[in-house]
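To start, the structure under review is shown below, and the notes come after it.
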Amino acid sequence: MMHFLSFAGQSSLDYGIRISGEGTYNRPERKFSTHEIAGRNGELIIDEDSFKNIEITYPAFVIDDMPERVRNFMNYMASFKGYQRLENTYEPDTYRLAQFKSGVDITSSGYMNREGKFNLKFNCKPQRFLKSGEIALEFTSAGNVWNRTNFAAQPFIRVYGTGAGTVGIGDYLITISAINEYVDIDCELMDAYKGLVNCNKDVSFNADSFKIPAGVSGVNFTGNITKVEVTPRYFII
């Protein structure tokens, strides 16, 4: 199989560039701090319940028309700022959010330097998001959601209705004072909106974050809410 990556929706194979996957299997470090306490053995560990970004490196190569293909590919890759979606064929069921680190050293070979190899480096968020977690789960009545991973997910929720109501998943509760047809709630950003309209004044949470815990959680809603769509955004490390 010819392995390749996709960045911001564009496949490297469209530029004739293939990858190998050594760096794919690296995993991020946990965030924590240690403190020495006078008179106590060992160290106190303060765990932040989160992970650091990780650098992922893909060895890449091109076997024909190297100068033109690499030039076009690098111009595409370097045109993006911030995090973009990164996928590869070694782990087809997941994707990362990654920033391309644009400095690249190329080793050329072959007739007229038509072949080349180089490393593609990315600054990645620690999560490997499951593509299955992009599927919205629809609830028109109370039900359950099953997070099969070991990590609590921060979902995207669309709430339909008019007036006021509440939405609960497990022990987490969202209270909405006003809904005009629908409101979107991004639980990672703790942000609520409808299109370009900010709705944060109408939405409150019972915790500093809203998550879908590992395992089975009940989903329910009250008031003038007619339907809830939950996009779980499950991830693994």
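Scheme for the structure tokens: letters A, B, ... for chains in order shown; per-chain residue numbers from 1; ligand numbers from 1 in order shown.
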
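Here the residues within stretch 137-173 of chain A that DSSP labels strand (DSSP E or B) on the basis of the backbone are Leu137, Glu138, Phe139, Gly143, Asn144, Val145, Trp146, Asn147, Ala153, Phe156, Ile157, Arg158, Val159, Tyr160, Gly161, Thr162, Gly163, Ala164, Gly165, Thr166, Val167, Gly168, Ile169, Tyr172 and Leu173 of chain A.
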
Output N, CA and C atoms for every residue in the selection just made, as a PDB file, in the first residue's frame.
```pdb
ATOM      1  N   LEU A 137     -25.371  12.358  17.254  1.00  0.00           N
ATOM      2  CA  LEU A 137     -26.367  11.468  17.853  1.00  0.00           C
ATOM      3  C   LEU A 137     -27.622  12.288  18.131  1.00  0.00           C
ATOM      4  N   GLU A 138     -28.757  11.836  17.613  1.00  0.00           N
ATOM      5  CA  GLU A 138     -30.001  12.611  17.713  1.00  0.00           C
ATOM      6  C   GLU A 138     -30.889  12.055  18.822  1.00  0.00           C
ATOM      7  N   PHE A 139     -31.388  12.971  19.654  1.00  0.00           N
ATOM      8  CA  PHE A 139     -32.284  12.593  20.748  1.00  0.00           C
ATOM      9  C   PHE A 139     -33.558  13.431  20.663  1.00  0.00           C
ATOM     10  N   GLY A 143     -32.335   9.364  26.505  1.00  0.00           N
ATOM     11  CA  GLY A 143     -31.624   8.183  26.017  1.00  0.00           C
ATOM     12  C   GLY A 143     -30.268   8.080  26.676  1.00  0.00           C
ATOM     13  N   ASN A 144     -29.371   7.328  26.049  1.00  0.00           N
ATOM     14  CA  ASN A 144     -28.026   7.121  26.586  1.00  0.00           C
ATOM     15  C   ASN A 144     -26.975   7.383  25.518  1.00  0.00           C
ATOM     16  N   VAL A 145     -25.805   7.769  25.971  1.00  0.00           N
ATOM     17  CA  VAL A 145     -24.646   7.893  25.099  1.00  0.00           C
ATOM     18  C   VAL A 145     -23.533   7.058  25.716  1.00  0.00           C
ATOM     19  N   TRP A 146     -22.790   6.337  24.872  1.00  0.00           N
ATOM     20  CA  TRP A 146     -21.764   5.417  25.359  1.00  0.00           C
ATOM     21  C   TRP A 146     -20.416   5.856  24.838  1.00  0.00           C
ATOM     22  N   ASN A 147     -19.590   6.360  25.740  1.00  0.00           N
ATOM     23  CA  ASN A 147     -18.217   6.739  25.428  1.00  0.00           C
ATOM     24  C   ASN A 147     -17.328   5.533  25.688  1.00  0.00           C
ATOM     25  N   ALA A 153     -14.971  13.222  26.854  1.00  0.00           N
ATOM     26  CA  ALA A 153     -15.012  14.002  25.619  1.00  0.00           C
ATOM     27  C   ALA A 153     -15.771  15.303  25.835  1.00  0.00           C
ATOM     28  N   PHE A 156     -19.875  18.766  20.915  1.00  0.00           N
ATOM     29  CA  PHE A 156     -20.588  19.878  20.271  1.00  0.00           C
ATOM     30  C   PHE A 156     -22.068  19.518  20.313  1.00  0.00           C
ATOM     31  N   ILE A 157     -22.904  20.430  20.801  1.00  0.00           N
ATOM     32  CA  ILE A 157     -24.325  20.137  21.003  1.00  0.00           C
ATOM     33  C   ILE A 157     -25.173  21.177  20.284  1.00  0.00           C
ATOM     34  N   ARG A 158     -26.141  20.716  19.527  1.00  0.00           N
ATOM     35  CA  ARG A 158     -27.145  21.617  18.947  1.00  0.00           C
ATOM     36  C   ARG A 158     -28.478  21.321  19.620  1.00  0.00           C
ATOM     37  N   VAL A 159     -29.099  22.359  20.162  1.00  0.00           N
ATOM     38  CA  VAL A 159     -30.354  22.232  20.902  1.00  0.00           C
ATOM     39  C   VAL A 159     -31.451  22.946  20.114  1.00  0.00           C
ATOM     40  N   TYR A 160     -32.528  22.234  19.828  1.00  0.00           N
ATOM     41  CA  TYR A 160     -33.657  22.796  19.090  1.00  0.00           C
ATOM     42  C   TYR A 160     -34.811  23.089  20.051  1.00  0.00           C
ATOM     43  N   GLY A 161     -35.544  24.166  19.783  1.00  0.00           N
ATOM     44  CA  GLY A 161     -36.728  24.469  20.576  1.00  0.00           C
ATOM     45  C   GLY A 161     -37.021  25.950  20.582  1.00  0.00           C
ATOM     46  N   THR A 162     -37.921  26.341  21.448  1.00  0.00           N
ATOM     47  CA  THR A 162     -38.265  27.756  21.649  1.00  0.00           C
ATOM     48  C   THR A 162     -38.423  27.975  23.142  1.00  0.00           C
ATOM     49  N   GLY A 163     -37.956  29.114  23.615  1.00  0.00           N
ATOM     50  CA  GLY A 163     -38.093  29.391  25.036  1.00  0.00           C
ATOM     51  C   GLY A 163     -36.902  28.900  25.825  1.00  0.00           C
ATOM     52  N   ALA A 164     -37.191  28.253  26.970  1.00  0.00           N
ATOM     53  CA  ALA A 164     -36.141  27.857  27.903  1.00  0.00           C
ATOM     54  C   ALA A 164     -36.149  26.349  28.129  1.00  0.00           C
ATOM     55  N   GLY A 165     -35.045  25.833  28.692  1.00  0.00           N
ATOM     56  CA  GLY A 165     -34.972  24.414  29.007  1.00  0.00           C
ATOM     57  C   GLY A 165     -33.599  24.042  29.523  1.00  0.00           C
ATOM     58  N   THR A 166     -33.425  22.772  29.810  1.00  0.00           N
ATOM     59  CA  THR A 166     -32.136  22.252  30.267  1.00  0.00           C
ATOM     60  C   THR A 166     -31.753  21.021  29.454  1.00  0.00           C
ATOM     61  N   VAL A 167     -30.447  20.785  29.351  1.00  0.00           N
ATOM     62  CA  VAL A 167     -29.912  19.582  28.711  1.00  0.00           C
ATOM     63  C   VAL A 167     -28.908  18.969  29.671  1.00  0.00           C
ATOM     64  N   GLY A 168     -29.056  17.675  29.941  1.00  0.00           N
ATOM     65  CA  GLY A 168     -28.139  17.004  30.833  1.00  0.00           C
ATOM     66  C   GLY A 168     -27.508  15.783  30.196  1.00  0.00           C
ATOM     67  N   ILE A 169     -26.224  15.591  30.467  1.00  0.00           N
ATOM     68  CA  ILE A 169     -25.516  14.356  30.111  1.00  0.00           C
ATOM     69  C   ILE A 169     -24.796  13.900  31.369  1.00  0.00           C
ATOM     70  N   TYR A 172     -23.573  16.368  34.237  1.00  0.00           N
ATOM     71  CA  TYR A 172     -23.369  17.704  33.680  1.00  0.00           C
ATOM     72  C   TYR A 172     -24.693  18.264  33.169  1.00  0.00           C
ATOM     73  N   LEU A 173     -24.921  19.550  33.429  1.00  0.00           N
ATOM     74  CA  LEU A 173     -26.200  20.167  33.069  1.00  0.00           C
ATOM     75  C   LEU A 173     -25.960  21.521  32.410  1.00  0.00           C
TER      76      LEU A 173
END
```

List as an NGL selection string the protein and nucleic acid residues near stretch 186-200 of chain A, meaning an atom at most 8 Å away when only C-alpha atoms are counted, but skip any in the same chain fewer than 2 places from it.
:A and (154-157 or 182-184 or 202-204 or 209-211)

Using only C-alpha atoms, find each residue of stretch 109-204 of chain A with at least one atom at most 12 Å away from an atom of stretch 17-29 of chain A; report its shortest atom-to-atom pair and that distance in Å (one decimal), sort the rows by chain and rising residue number, and return the result as a Markdown table.
```
| residue | atom | partner | partner_atom | distance |
| --- | --- | --- | --- | --- |
| A:Glu115 | CA | A:Ile17 | CA | 10.4 |
| A:Gly116 | CA | A:Ile17 | CA | 9.6 |
| A:Lys117 | CA | A:Ile17 | CA | 9.3 |
| A:Phe118 | CA | A:Ile19 | CA | 9.6 |
| A:Asn119 | CA | A:Ile19 | CA | 9.0 |
| A:Leu120 | CA | A:Ile19 | CA | 8.9 |
| A:Lys121 | CA | A:Gly23 | CA | 9.5 |
| A:Phe122 | CA | A:Gly23 | CA | 10.3 |
| A:Asn123 | CA | A:Pro28 | CA | 11.2 |
| A:Cys124 | CA | A:Pro28 | CA | 9.4 |
| A:Lys125 | CA | A:Pro28 | CA | 8.8 |
| A:Pro126 | CA | A:Pro28 | CA | 5.7 |
| A:Gln127 | CA | A:Pro28 | CA | 8.5 |
| A:Arg128 | CA | A:Arg27 | CA | 9.7 |
```

Take the residues from that selection and put them in a file with N, CA and C atoms, as a compact mmCIF listing (two decimals), in the first residue's frame.
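Result file is selection38.txt:
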```txt
# COMPACT_ATOMS: atom_id res chain seq x y z
N GLU A 115 14.38 12.66 -7.71
CA GLU A 115 13.90 11.99 -6.51
C GLU A 115 14.32 12.79 -5.28
N GLY A 116 13.60 12.62 -4.20
CA GLY A 116 13.96 13.35 -2.98
C GLY A 116 13.32 12.75 -1.75
N LYS A 117 13.94 13.01 -0.62
CA LYS A 117 13.36 12.59 0.66
C LYS A 117 13.54 13.72 1.67
N PHE A 118 12.62 13.79 2.61
CA PHE A 118 12.61 14.89 3.58
C PHE A 118 11.65 14.52 4.71
N ASN A 119 11.67 15.29 5.78
CA ASN A 119 10.79 15.08 6.91
C ASN A 119 9.72 16.16 6.97
N LEU A 120 8.50 15.73 7.22
CA LEU A 120 7.38 16.66 7.42
C LEU A 120 7.07 16.68 8.91
N LYS A 121 7.20 17.87 9.53
CA LYS A 121 7.02 17.99 10.98
C LYS A 121 5.76 18.78 11.30
N PHE A 122 5.03 18.28 12.29
CA PHE A 122 3.78 18.91 12.70
C PHE A 122 3.75 19.09 14.21
N ASN A 123 3.26 20.24 14.63
CA ASN A 123 2.97 20.50 16.04
C ASN A 123 1.51 20.11 16.26
N CYS A 124 1.27 19.01 16.98
CA CYS A 124 -0.08 18.44 17.07
C CYS A 124 -0.68 18.58 18.46
N LYS A 125 -1.97 18.82 18.51
CA LYS A 125 -2.67 18.65 19.77
C LYS A 125 -2.54 17.19 20.20
N PRO A 126 -2.63 16.92 21.49
CA PRO A 126 -2.36 15.55 21.96
C PRO A 126 -3.40 14.52 21.55
N GLN A 127 -4.63 14.95 21.28
CA GLN A 127 -5.69 13.98 21.01
C GLN A 127 -5.59 13.40 19.60
N ARG A 128 -5.94 12.12 19.51
CA ARG A 128 -6.28 11.52 18.23
C ARG A 128 -7.79 11.34 18.24
```

How many Å separate atom CA of A:Arg69 from atom CA of A:Tyr15?
5.5 Å

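Of the residues under consideration (A:Val230, A:Met2, A:Lys101, A:Asp14), A:Lys101 shows the shortest atom-to-atom contact distance to A:Lys81 when counting only C-alpha atoms.
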
Step one, run DSSP on the backbone; step two, keep only residues of stretch 61-90 of chain A assigned to helix (DSSP H, G or I); then write them as a PyMOL selection string.
chain A and resi 66-77

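Residue nearest A:Thr94, chosen from A:Ser108, A:Ser6, A:Thr34, A:Ser11 and counting only C-alpha atoms: A:Ser6.
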
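When only C-alpha atoms are used to measure the gap to A:Ala98, the shortest distance among A:Phe151, A:Tyr83, A:Phe221, A:Tyr58 belongs to A:Tyr83.
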